[in-house]
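Here is start_32.pdb, consisting of PDB, C-alpha atoms and all ligand atoms:
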```pdb
MODEL        1
ATOM      1  CA  MET A   1     114.668 106.229  97.549
ATOM      2  CA  ARG A   2     114.627 102.534  97.749
ATOM      3  CA  SER A   3     113.828 100.281 100.624
ATOM      4  CA  THR A   4     113.528  96.615 100.239
ATOM      5  CA  LEU A   5     113.488  97.726  97.522
ATOM      6  CA  ARG A   6     115.082 100.197  99.606
ATOM      7  CA  ILE A   7     112.398 102.230  97.926
ATOM      8  CA  CYS A   8     111.860 104.923  99.229
ATOM      9  CA  TYR A   9      92.583 107.849 103.041
ATOM     10  CA  ALA A  10      90.393 103.356 108.334
ATOM     11  CA  PHE A  11      87.192 102.577 107.347
ATOM     12  CA  LEU A  12      83.829 104.049 107.974
ATOM     13  CA  SER A  13      84.590 105.622 111.319
ATOM     14  CA  ALA A  14      87.690 107.328 110.028
ATOM     15  CA  VAL A  15      85.988 108.343 106.815
ATOM     16  CA  SER A  16      83.501 110.292 108.855
ATOM     17  CA  LEU A  17      86.334 111.614 111.025
ATOM     18  CA  TRP A  18      88.084 112.848 107.906
ATOM     19  CA  LEU A  19      85.022 114.804 106.893
ATOM     20  CA  VAL A  20      83.996 115.927 110.370
ATOM     21  CA  MET A  21      87.421 117.282 111.096
ATOM     22  CA  ALA A  22      87.659 119.234 107.875
ATOM     23  CA  PRO A  23      88.376 122.883 108.590
ATOM     24  CA  VAL A  24      85.516 125.317 108.264
ATOM     25  CA  GLY A  25      85.961 128.386 106.076
ATOM     26  CA  PRO A  26      88.682 129.241 103.567
ATOM     27  CA  ALA A  27      91.571 126.839 103.480
ATOM     28  CA  VAL A  28      95.036 127.524 102.168
ATOM     29  CA  ALA A  29      95.257 130.275  99.568
ATOM     30  CA  ASP A  30      96.669 129.760  96.100
ATOM     31  CA  ASP A  31      96.450 125.999  96.118
ATOM     32  CA  ALA A  32      94.121 123.812  94.151
ATOM     33  CA  PRO A  33      93.328 120.142  93.601
ATOM     34  CA  ASN A  34      94.289 118.240  90.466
ATOM     35  CA  ARG A  35      97.812 119.520  90.158
ATOM     36  CA  ILE A  36      99.169 116.043  89.592
ATOM     37  CA  LEU A  37     100.330 115.455  86.049
ATOM     38  CA  ILE A  38     101.409 112.133  84.569
ATOM     39  CA  GLU A  39     103.923 111.082  81.971
ATOM     40  CA  TYR A  40     104.742 107.717  80.418
ATOM     41  CA  ASP A  41     108.243 107.948  79.000
ATOM     42  CA  PRO A  42     108.865 105.496  76.138
ATOM     43  CA  PRO A  43     111.404 103.029  77.545
ATOM     44  CA  LYS A  44     115.052 103.236  76.545
ATOM     45  CA  ASN A  45     115.456  99.514  77.165
ATOM     46  CA  PRO A  46     113.438  97.477  74.613
ATOM     47  CA  ALA A  47     112.890  94.837  77.313
ATOM     48  CA  HIS A  48     110.660  97.339  79.136
ATOM     49  CA  GLN A  49     108.332  97.839  76.148
ATOM     50  CA  PRO A  50     105.713  95.251  77.265
ATOM     51  CA  LEU A  51     105.702  96.785  80.760
ATOM     52  CA  TYR A  52     105.291 100.272  79.294
ATOM     53  CA  GLU A  53     102.388  99.105  77.122
ATOM     54  CA  MET A  54     100.761  97.225  79.995
ATOM     55  CA  ILE A  55     100.741 100.165  82.429
ATOM     56  CA  LYS A  56      99.506 102.489  79.677
ATOM     57  CA  GLU A  57      96.749 100.063  78.723
ATOM     58  CA  HIS A  58      95.636  99.760  82.341
ATOM     59  CA  ARG A  59      95.950 103.532  82.892
ATOM     60  CA  VAL A  60      97.977 102.964  86.046
ATOM     61  CA  LEU A  61      99.295 106.516  86.260
ATOM     62  CA  GLU A  62      95.834 107.971  85.560
ATOM     63  CA  LYS A  63      94.489 106.002  88.539
ATOM     64  CA  LEU A  64      97.304 107.124  90.809
ATOM     65  CA  GLN A  65      96.670 110.679  89.614
ATOM     66  CA  LYS A  66      93.011 110.341  90.607
ATOM     67  CA  ILE A  67      93.728 108.794  94.001
ATOM     68  CA  PHE A  68      96.039 111.644  94.956
ATOM     69  CA  SER A  69      93.943 114.357  93.301
ATOM     70  CA  PRO A  70      92.463 115.538  96.649
ATOM     71  CA  LEU A  71      95.846 116.987  97.632
ATOM     72  CA  LYS A  72      95.663 120.724  96.943
ATOM     73  CA  LEU A  73      99.297 121.029  95.984
ATOM     74  CA  LEU A  74     101.011 124.373  95.781
ATOM     75  CA  SER A  75     102.580 123.509  92.433
ATOM     76  CA  ASP A  76     102.372 120.758  89.841
ATOM     77  CA  VAL A  77     103.845 117.332  90.542
ATOM     78  CA  THR A  78     104.393 114.932  87.662
ATOM     79  CA  ILE A  79     104.199 111.184  88.269
ATOM     80  CA  LYS A  80     106.528 109.837  85.636
ATOM     81  CA  ALA A  81     107.274 106.267  84.582
ATOM     82  CA  THR A  82     110.668 106.191  82.946
ATOM     83  CA  GLY A  83     113.740 104.104  82.244
ATOM     84  CA  CYS A  84     116.521 104.553  84.792
ATOM     85  CA  ASP A  85     119.493 102.963  83.025
ATOM     86  CA  GLY A  86     119.387  99.826  85.128
ATOM     87  CA  HIS A  87     118.672 101.472  88.486
ATOM     88  CA  VAL A  88     115.836  99.914  90.461
ATOM     89  CA  ASN A  89     114.268 102.893  92.188
ATOM     90  CA  ALA A  90     111.396 105.271  92.805
ATOM     91  CA  TRP A  91     111.823 108.737  94.289
ATOM     92  CA  TYR A  92     110.381 112.214  94.677
ATOM     93  CA  ALA A  93     112.394 115.293  93.743
ATOM     94  CA  ARG A  94     110.357 118.428  93.147
ATOM     95  CA  PRO A  95     108.524 118.618  90.782
ATOM     96  CA  THR A  96     108.650 114.932  89.779
ATOM     97  CA  LEU A  97     107.763 111.596  91.322
ATOM     98  CA  THR A  98     109.776 109.113  89.315
ATOM     99  CA  ILE A  99     108.970 105.422  88.983
ATOM    100  CA  CYS A 100     111.616 103.448  87.134
ATOM    101  CA  TYR A 101     110.580 100.679  84.749
ATOM    102  CA  GLU A 102     113.355  98.713  86.410
ATOM    103  CA  TYR A 103     111.476  98.995  89.706
ATOM    104  CA  LEU A 104     108.204  97.908  88.099
ATOM    105  CA  GLU A 105     110.061  95.011  86.591
ATOM    106  CA  GLU A 106     111.413  94.011  90.011
ATOM    107  CA  ILE A 107     107.927  94.152  91.537
ATOM    108  CA  ARG A 108     106.570  91.866  88.839
ATOM    109  CA  ARG A 109     109.474  89.512  89.273
ATOM    110  CA  ASP A 110     109.045  89.375  93.066
ATOM    111  CA  MET A 111     105.253  89.081  93.189
ATOM    112  CA  PRO A 112     104.032  85.829  94.721
ATOM    113  CA  ALA A 113     103.569  83.010  92.228
ATOM    114  CA  GLU A 114     100.404  81.979  94.085
ATOM    115  CA  THR A 115      98.381  83.148  97.073
ATOM    116  CA  THR A 116     100.635  83.106 100.126
ATOM    117  CA  ALA A 117      99.912  81.460 103.471
ATOM    118  CA  GLU A 118      99.085  84.965 104.733
ATOM    119  CA  GLY A 119      96.453  85.347 101.985
ATOM    120  CA  VAL A 120      98.363  87.720  99.708
ATOM    121  CA  THR A 121      97.367  87.050  96.103
ATOM    122  CA  PRO A 122      99.780  87.636  93.222
ATOM    123  CA  ILE A 123      97.772  90.707  92.138
ATOM    124  CA  ASP A 124      97.704  92.134  95.647
ATOM    125  CA  GLY A 125     101.426  91.543  96.017
ATOM    126  CA  GLU A 126     102.069  93.452  92.807
ATOM    127  CA  ILE A 127      99.669  96.358  93.329
ATOM    128  CA  GLY A 128     100.281  96.703  97.066
ATOM    129  CA  GLN A 129     104.019  97.070  96.608
ATOM    130  CA  LEU A 130     103.619  99.645  93.852
ATOM    131  CA  PHE A 131     100.932 101.595  95.676
ATOM    132  CA  PHE A 132     102.883 101.703  98.930
ATOM    133  CA  ALA A 133     105.982 102.966  97.110
ATOM    134  CA  VAL A 134     104.098 105.667  95.189
ATOM    135  CA  ALA A 135     102.136 106.765  98.249
ATOM    136  CA  HIS A 136     105.379 106.911 100.231
ATOM    137  CA  GLU A 137     106.908 109.184  97.599
ATOM    138  CA  MET A 138     103.735 111.259  97.463
ATOM    139  CA  GLY A 139     104.155 111.663 101.209
ATOM    140  CA  HIS A 140     107.591 113.157 100.623
ATOM    141  CA  GLY A 141     105.990 115.444  98.026
ATOM    142  CA  ALA A 142     103.248 116.547 100.395
ATOM    143  CA  PHE A 143     105.733 117.222 103.203
ATOM    144  CA  ASP A 144     107.834 119.240 100.773
ATOM    145  CA  LEU A 145     105.085 121.278  99.144
ATOM    146  CA  PHE A 146     103.072 121.860 102.329
ATOM    147  CA  ASP A 147     106.178 122.621 104.368
ATOM    148  CA  THR A 148     105.132 120.033 106.908
ATOM    149  CA  PRO A 149     107.027 119.963 110.213
ATOM    150  CA  ILE A 150     108.204 116.476 111.139
ATOM    151  CA  PHE A 151     109.668 115.118 114.356
ATOM    152  CA  GLY A 152     111.865 112.171 113.482
ATOM    153  CA  ARG A 153     112.886 110.569 110.274
ATOM    154  CA  GLN A 154     111.034 111.709 107.177
ATOM    155  CA  GLU A 155     111.292 108.162 105.817
ATOM    156  CA  ASP A 156     109.237 106.854 108.732
ATOM    157  CA  ALA A 157     106.737 109.703 108.257
ATOM    158  CA  ALA A 158     106.441 108.913 104.544
ATOM    159  CA  ASP A 159     105.745 105.246 105.362
ATOM    160  CA  ASN A 160     103.086 106.353 107.870
ATOM    161  CA  PHE A 161     101.537 108.715 105.311
ATOM    162  CA  ALA A 162     101.358 105.884 102.773
ATOM    163  CA  THR A 163      99.926 103.408 105.276
ATOM    164  CA  TYR A 164      97.311 105.932 106.423
ATOM    165  CA  VAL A 165      96.207 106.590 102.846
ATOM    166  CA  MET A 166      95.828 102.862 102.159
ATOM    167  CA  LEU A 167      93.759 102.470 105.322
ATOM    168  CA  GLN A 168      91.295 105.169 104.265
ATOM    169  CA  LEU A 169      90.194 103.254 101.174
ATOM    170  CA  GLY A 170      87.369 100.723 101.452
ATOM    171  CA  LYS A 171      87.945  97.773 103.784
ATOM    172  CA  SER A 172      88.617  95.291 101.026
ATOM    173  CA  ASP A 173      91.068  97.534  99.185
ATOM    174  CA  ALA A 174      92.758  98.530 102.426
ATOM    175  CA  ARG A 175      93.196  94.950 103.542
ATOM    176  CA  ARG A 176      94.573  93.860 100.189
ATOM    177  CA  LEU A 177      96.914  96.846  99.791
ATOM    178  CA  ILE A 178      98.337  96.429 103.282
ATOM    179  CA  GLY A 179      98.890  92.728 102.599
ATOM    180  CA  GLY A 180     100.611  93.485  99.313
ATOM    181  CA  ALA A 181     102.821  96.157 100.827
ATOM    182  CA  ALA A 182     103.755  93.884 103.729
ATOM    183  CA  TYR A 183     104.570  91.112 101.279
ATOM    184  CA  SER A 184     107.559  93.066  99.981
ATOM    185  CA  TYR A 185     109.179  92.712 103.420
ATOM    186  CA  MET A 186     108.320  89.106 104.158
ATOM    187  CA  LYS A 187     111.465  87.722 102.643
ATOM    188  CA  TYR A 188     113.323  89.522 105.428
ATOM    189  CA  LEU A 189     111.335  87.758 108.145
ATOM    190  CA  LYS A 190     112.261  84.194 107.513
ATOM    191  CA  GLN A 191     114.900  83.949 110.209
ATOM    192  CA  PRO A 192     114.264  84.772 113.873
ATOM    193  CA  THR A 193     117.777  86.146 114.187
ATOM    194  CA  VAL A 194     119.133  88.773 111.824
ATOM    195  CA  THR A 195     122.737  89.601 111.132
ATOM    196  CA  ALA A 196     123.396  92.930 109.429
ATOM    197  CA  PRO A 197     126.406  95.197 108.823
ATOM    198  CA  LEU A 198     126.622  98.001 111.396
ATOM    199  CA  LYS A 199     126.304 100.642 108.699
ATOM    200  CA  ASP A 200     122.803  99.395 107.906
ATOM    201  CA  PHE A 201     121.657 100.844 111.222
ATOM    202  CA  SER A 202     122.723 104.329 110.061
ATOM    203  CA  ASP A 203     120.384 104.305 107.054
ATOM    204  CA  VAL A 204     117.748 107.020 106.813
ATOM    205  CA  HIS A 205     115.187 104.252 106.301
ATOM    206  CA  GLY A 206     114.157 101.787 108.933
ATOM    207  CA  SER A 207     115.226  98.212 108.315
ATOM    208  CA  PRO A 208     112.822  96.169 106.174
ATOM    209  CA  GLN A 209     111.884  94.255 109.319
ATOM    210  CA  GLN A 210     111.047  97.458 111.221
ATOM    211  CA  ARG A 211     109.078  98.812 108.273
ATOM    212  CA  PHE A 212     107.087  95.588 108.186
ATOM    213  CA  PHE A 213     106.195  95.736 111.887
ATOM    214  CA  ASN A 214     105.368  99.478 111.699
ATOM    215  CA  LEU A 215     103.101  98.868 108.709
ATOM    216  CA  ILE A 216     101.095  96.032 110.216
ATOM    217  CA  CYS A 217     100.981  97.728 113.629
ATOM    218  CA  LEU A 218      99.259 100.776 112.101
ATOM    219  CA  ALA A 219      96.872  98.522 110.213
ATOM    220  CA  TYR A 220      96.051  96.541 113.355
ATOM    221  CA  GLY A 221      95.702  99.791 115.317
ATOM    222  CA  ALA A 222      93.274 101.133 112.707
ATOM    223  CA  ASP A 223      91.097  98.021 112.658
ATOM    224  CA  PRO A 224      91.927  95.201 115.103
ATOM    225  CA  VAL A 225      89.079  93.114 113.662
ATOM    226  CA  LEU A 226      89.979  93.349 109.980
ATOM    227  CA  PHE A 227      93.614  92.734 110.808
ATOM    228  CA  ALA A 228      93.109  90.358 113.754
ATOM    229  CA  ASP A 229      95.085  87.645 111.997
ATOM    230  CA  VAL A 230      98.347  89.561 112.186
ATOM    231  CA  VAL A 231      98.297  88.897 115.936
ATOM    232  CA  GLU A 232      96.605  85.507 115.799
ATOM    233  CA  LYS A 233      99.240  84.264 113.374
ATOM    234  CA  LYS A 234     101.954  85.844 115.509
ATOM    235  CA  MET A 235     103.213  88.089 112.713
ATOM    236  CA  LEU A 236     102.881  91.038 115.112
ATOM    237  CA  PRO A 237     104.073  90.300 118.659
ATOM    238  CA  GLU A 238     101.414  90.971 121.311
ATOM    239  CA  HIS A 239     103.656  93.347 123.256
ATOM    240  CA  ARG A 240     103.737  95.653 120.206
ATOM    241  CA  ALA A 241     100.124  95.045 119.237
ATOM    242  CA  ARG A 242      98.824  96.395 122.562
ATOM    243  CA  GLY A 243      99.968  99.939 121.725
ATOM    244  CA  CYS A 244      99.112  99.979 118.037
ATOM    245  CA  LYS A 245      95.811 101.838 118.452
ATOM    246  CA  TYR A 246      97.827 104.657 120.049
ATOM    247  CA  GLU A 247     100.434 104.575 117.305
ATOM    248  CA  TYR A 248      97.663 104.762 114.719
ATOM    249  CA  GLY A 249      96.011 107.539 116.733
ATOM    250  CA  ASN A 250      99.194 109.587 116.501
ATOM    251  CA  VAL A 251      99.214 109.259 112.727
ATOM    252  CA  VAL A 252      95.499 110.123 112.519
ATOM    253  CA  TRP A 253      96.138 113.250 114.588
ATOM    254  CA  ALA A 254      99.146 114.302 112.491
ATOM    255  CA  PHE A 255      97.281 113.731 109.241
ATOM    256  CA  HIS A 256      94.264 115.696 110.399
ATOM    257  CA  GLU A 257      96.346 118.576 111.698
ATOM    258  CA  LEU A 258      98.784 118.770 108.816
ATOM    259  CA  MET A 259      97.095 117.343 105.708
ATOM    260  CA  ILE A 260      93.347 117.891 106.079
ATOM    261  CA  PRO A 261      93.707 121.656 105.515
ATOM    262  CA  HIS A 262      95.264 120.792 102.155
ATOM    263  CA  LEU A 263      92.608 118.323 100.990
ATOM    264  CA  ASP A 264      89.684 118.819  98.678
ATOM    265  CA  GLN A 265      86.950 117.091 100.697
ATOM    266  CA  GLY A 266      84.717 116.319  97.731
ATOM    267  CA  LEU A 267      87.486 114.635  95.802
ATOM    268  CA  ALA A 268      88.660 112.772  98.893
ATOM    269  CA  LYS A 269      85.176 111.296  99.344
ATOM    270  CA  GLU A 270      85.076 110.259  95.676
ATOM    271  CA  VAL A 271      88.381 108.459  96.076
ATOM    272  CA  MET A 272      87.354 106.731  99.316
ATOM    273  CA  ASP A 273      83.980 105.630  97.953
ATOM    274  CA  LYS A 274      85.454 103.883  94.935
ATOM    275  CA  THR A 275      86.798 100.345  94.734
ATOM    276  CA  TRP A 276      90.230 100.557  93.194
ATOM    277  CA  LEU A 277      91.549  97.032  93.111
ATOM    278  CA  PRO A 278      90.559  94.506  90.459
ATOM    279  CA  PRO A 279      89.082  91.131  91.452
ATOM    280  CA  GLU A 280      91.530  89.024  93.431
ATOM    281  CA  ASN A 281      91.356  86.191  90.939
ATOM    282  CA  PRO A 282      90.573  87.669  87.536
ATOM    283  CA  VAL A 283      89.573  85.420  84.687
ATOM    284  CA  GLN A 284      92.714  84.331  82.892
ATOM    285  CA  GLY A 285      93.446  86.651  80.003
ATOM    286  CA  SER A 286      90.860  89.242  81.001
ATOM    287  CA  GLY A 287      93.636  91.730  81.356
ATOM    288  CA  SER A 288      92.167  93.190  84.498
ATOM    289  CA  ARG A 289      95.423  93.547  86.351
ATOM    290  CA  ALA A 290      96.433  96.763  88.028
ATOM    291  CA  LEU A 291      94.176  99.316  89.644
ATOM    292  CA  GLN A 292      90.642  99.439  88.271
TER     293      GLN A 292
HETATM  294 ZN    ZN B   1     111.410 107.901 101.129
ENDMDL
END
```

Conversion result in structure tokens:
Amino acid sequence: MRSTLRICYAFLSAVSLWLVMAPVGPAVADDAPNRILIEYDPPKNPAHQPLYEMIKEHRVLEKLQKIFSPLKLLSDVTIKATGCDGHVNAWYARPTLTICYEYLEEIRRDMPAETTAEGVTPIDGEIGQLFFAVAHEMGHGAFDLFDTPIFGRQEDAADNFATYVMLQLGKSDARRLIGGAAYSYMKYLKQPTVTAPLKDFSDVHGSPQQRFFNLICLAYGADPVLFADVVEKKMLPEHRARGCKYEYGNVVWAFHELMIPHLDQGLAKEVMDKTWLPPENPVQGSGSRALQ
């Protein structure tokens, strides 16, 4: 489901928490890691051919497959890039996580032309948006396949799942991914007053503005030093910022109670120890875009 898109593992201390809080003894029966499959559908629209070749060349789905490999899913999930007949979308519906070429095209079109005032580079804007969307959908998949109880809207929980995963990667990757994900909402923040049709408030997703503040609040709550600028630059109001460590703590607790029993600890450590993003300013023509 889309967001602004309408589309619909913090650092060293949390890394150790992840491992320390791993359950002792046998985990869940009949599940196993590496049940994520991938599929690049040849595009139906010839205009998507370069995009198809680019993501295949950079093994984007293989990298997403690896990042989510610690989830010991109860059945296979296929991450599929495909043409969606003009629909700009990404969604999870058992057993498939679909990413439309149209959505990838929109991300590339909307990526910043140059580094933004907030420090989001074009590459970070592109990868952060894609990663947040895929991780959000993988959250839906995890909730589905692990039968996870959720208080509140699943869309908010999926955003929190995605944000938590980004924050568990190395500091540099986490910072850049959060910036890129937040970038997708920034166009909705230009005016201090927002006018919206009443029906928008009935949507299963939060508004883009709420999703932006929730995202950066969790990031600030996870690491108020790394993300100090979100308060200093007044992107996150101080009255919200004061409680963000508690908001992040709630997500940490939920993840550890509900997801840790379904994680392969060895694979999770491999994923967290690796640097996934390419250099922020690759040499022109080096072709080092997308996840490393
Ligand atoms: Zn969703």

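Using the PyMOL selection byres (((chain A and resi 247) around 12) and not hetatm) on this structure selects A:Asn160, A:Tyr164, A:Phe213, A:Asn214, A:Leu215, A:Ile216, A:Cys217, A:Leu218, A:Ala219, A:Tyr220, A:Gly221, A:Ala222, A:Arg240, A:Ala241, A:Arg242, A:Gly243, A:Cys244, A:Lys245, A:Tyr246, A:Tyr248, A:Gly249, A:Asn250, A:Val251, A:Val252, A:Trp253, A:Ala254.
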
>> For a quick check of understanding, using all atoms listed in the file, which of A:Glu62, A:Glu257, A:Asp173, A:Glu105 has the smallest distance to Gly83 (chain A)?
In response: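 Between A:Glu62, A:Glu257, A:Asp173, A:Glu105, the residue approaching Gly83 (chain A) most closely is A:Glu105.
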
> Selected by the PyMOL selection byres (((chain A and resi 109) around 12) and not hetatm) in the shown coordinates: which residues, as a PyMOL selection string?
Replying inline: chain A and resi 51+102-108+110-113+122+125-126+129+184

Box along x, y and z, 4 Å on every side, all listed atoms of region 232-238 of chain A inside: centre and edge lengths in Å to one decimal, as AutoDock Vina command-line options.
```
--center_x 100.3 --center_y 87.7 --center_z 117.0 --size_x 15.5 --size_y 14.8 --size_z 16.6
```

> When the PyMOL selection byres (((chain A and resi 157) around 12) and not hetatm) is applied to the file above, which residues end up in the set, as a ChimeraX atom specification?
Replying inline: /A:8,135-143,148-156,158-164,204-206,211,214-215,250-251,254-255

> Which polymer residues have any atom within 8 Å of an atom of Met166 (chain A), counting all atoms listed in the file, with same-chain residues fewer than 6 positions away left out, as a ChimeraX atom specification?
Replying inline: /A:9,132,173-174,177-178

> Which of these residues is nearest to Lys269 (chain A), using all atoms listed in the file: A:Gln49, A:Ser69, A:Thr82, A:Ser75?
Replying inline: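 Smallest separation from Lys269 (chain A) among the options: A:Ser69.
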
> Which one of A:Asp203, A:Glu57, A:Asp264, A:Glu114 sits closest to ligand ZN 1 (chain B) if you count only C-alpha atoms and all ligand atoms?
Replying inline: A:Asp203

>> To one decimal place in Å, what is the distance between CA of Leu97 (chain A) and CA of Ile79 (chain A)?
In response: 4.7 Å

> A:Val134, A:Ala117, A:Leu267, A:Leu145: which is nearest ligand ZN 1 (chain B), counting all atoms listed in the file?
Replying inline: A:Val134

>> What's around Glu232 (chain A) at 12 Å? Count all atoms listed in the file, leave out sequence neighbours fewer than 6 positions away in its own chain, and write the answer as a PyMOL selection string.
In response: chain A and resi 118+220+224-226+238+241

Just C-alpha atoms for this one: save the residues we selected as a compact mmCIF listing (two decimals), keeping the file's coordinate frame.
```
# COMPACT_ATOMS: atom_id res chain seq x y z
CA GLU A 118 99.08 84.96 104.73
CA TYR A 220 96.05 96.54 113.36
CA PRO A 224 91.93 95.20 115.10
CA VAL A 225 89.08 93.11 113.66
CA LEU A 226 89.98 93.35 109.98
CA GLU A 238 101.41 90.97 121.31
CA ALA A 241 100.12 95.04 119.24
```

> Mind pulling up the distance from CA of His48 (chain A) to CA of His87 (chain A)?
Replying inline: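 Result for CA of His87 (chain A) versus CA of His48 (chain A): 13.0 Å, one decimal.
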
> Which of these residues is nearest to Leu169 (chain A), using only C-alpha atoms: A:Thr275, A:Pro237, A:Pro50, A:Tyr188?
Replying inline: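 Using only C-alpha atoms, the shortest distance to Leu169 (chain A) belongs to A:Thr275.
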
> Which is closest to ligand ZN 1 (chain B) among A:Ala133, A:Val60, A:Ala81, A:Val88, if we use only C-alpha atoms and all ligand atoms?
Replying inline: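 Ranked by minimum distance to ligand ZN 1 (chain B), first place goes to A:Ala133.
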
Complete region 148-168 of chain A with N, CA and C atoms (output as a short mmCIF file (atom, residue, chain, number, x, y, z; two decimals), keeping the file's coordinate frame).
```cif
data_model
loop_
_atom_site.label_atom_id
_atom_site.label_comp_id
_atom_site.auth_asym_id
_atom_site.auth_seq_id
_atom_site.Cartn_x
_atom_site.Cartn_y
_atom_site.Cartn_z
N THR A 148 105.63 120.72 105.72
CA THR A 148 105.13 120.03 106.91
C THR A 148 106.23 119.82 107.94
N PRO A 149 106.03 120.25 109.17
CA PRO A 149 107.03 119.96 110.21
C PRO A 149 106.97 118.49 110.59
N ILE A 150 108.15 117.90 110.81
CA ILE A 150 108.20 116.48 111.14
C ILE A 150 109.19 116.25 112.28
N PHE A 151 108.75 115.59 113.32
CA PHE A 151 109.67 115.12 114.36
C PHE A 151 110.11 113.73 113.92
N GLY A 152 111.39 113.52 113.83
CA GLY A 152 111.86 112.17 113.48
C GLY A 152 112.23 112.05 112.02
N ARG A 153 112.41 110.80 111.63
CA ARG A 153 112.89 110.57 110.27
C ARG A 153 111.75 110.74 109.26
N GLN A 154 112.07 111.50 108.19
CA GLN A 154 111.03 111.71 107.18
C GLN A 154 110.66 110.39 106.50
N GLU A 155 111.60 109.46 106.44
CA GLU A 155 111.29 108.16 105.82
C GLU A 155 110.21 107.41 106.60
N ASP A 156 110.28 107.49 107.92
CA ASP A 156 109.24 106.85 108.73
C ASP A 156 107.91 107.57 108.51
N ALA A 157 107.97 108.92 108.45
CA ALA A 157 106.74 109.70 108.26
C ALA A 157 106.11 109.41 106.90
N ALA A 158 106.96 109.23 105.89
CA ALA A 158 106.44 108.91 104.54
C ALA A 158 105.79 107.53 104.54
N ASP A 159 106.38 106.57 105.24
CA ASP A 159 105.74 105.25 105.36
C ASP A 159 104.39 105.38 106.07
N ASN A 160 104.35 106.19 107.13
CA ASN A 160 103.09 106.35 107.87
C ASN A 160 102.04 107.04 107.01
N PHE A 161 102.45 108.02 106.24
CA PHE A 161 101.54 108.72 105.31
C PHE A 161 100.94 107.68 104.34
N ALA A 162 101.81 106.88 103.76
CA ALA A 162 101.36 105.88 102.77
C ALA A 162 100.41 104.87 103.41
N THR A 163 100.77 104.40 104.59
CA THR A 163 99.93 103.41 105.28
C THR A 163 98.57 104.02 105.61
N TYR A 164 98.57 105.25 106.09
CA TYR A 164 97.31 105.93 106.42
C TYR A 164 96.42 106.05 105.19
N VAL A 165 97.00 106.44 104.07
CA VAL A 165 96.21 106.59 102.85
C VAL A 165 95.58 105.25 102.46
N MET A 166 96.38 104.18 102.51
CA MET A 166 95.83 102.86 102.16
C MET A 166 94.67 102.49 103.07
N LEU A 167 94.79 102.85 104.35
CA LEU A 167 93.76 102.47 105.32
C LEU A 167 92.48 103.27 105.18
N GLN A 168 92.52 104.37 104.44
CA GLN A 168 91.30 105.17 104.26
C GLN A 168 90.44 104.67 103.10
#
```
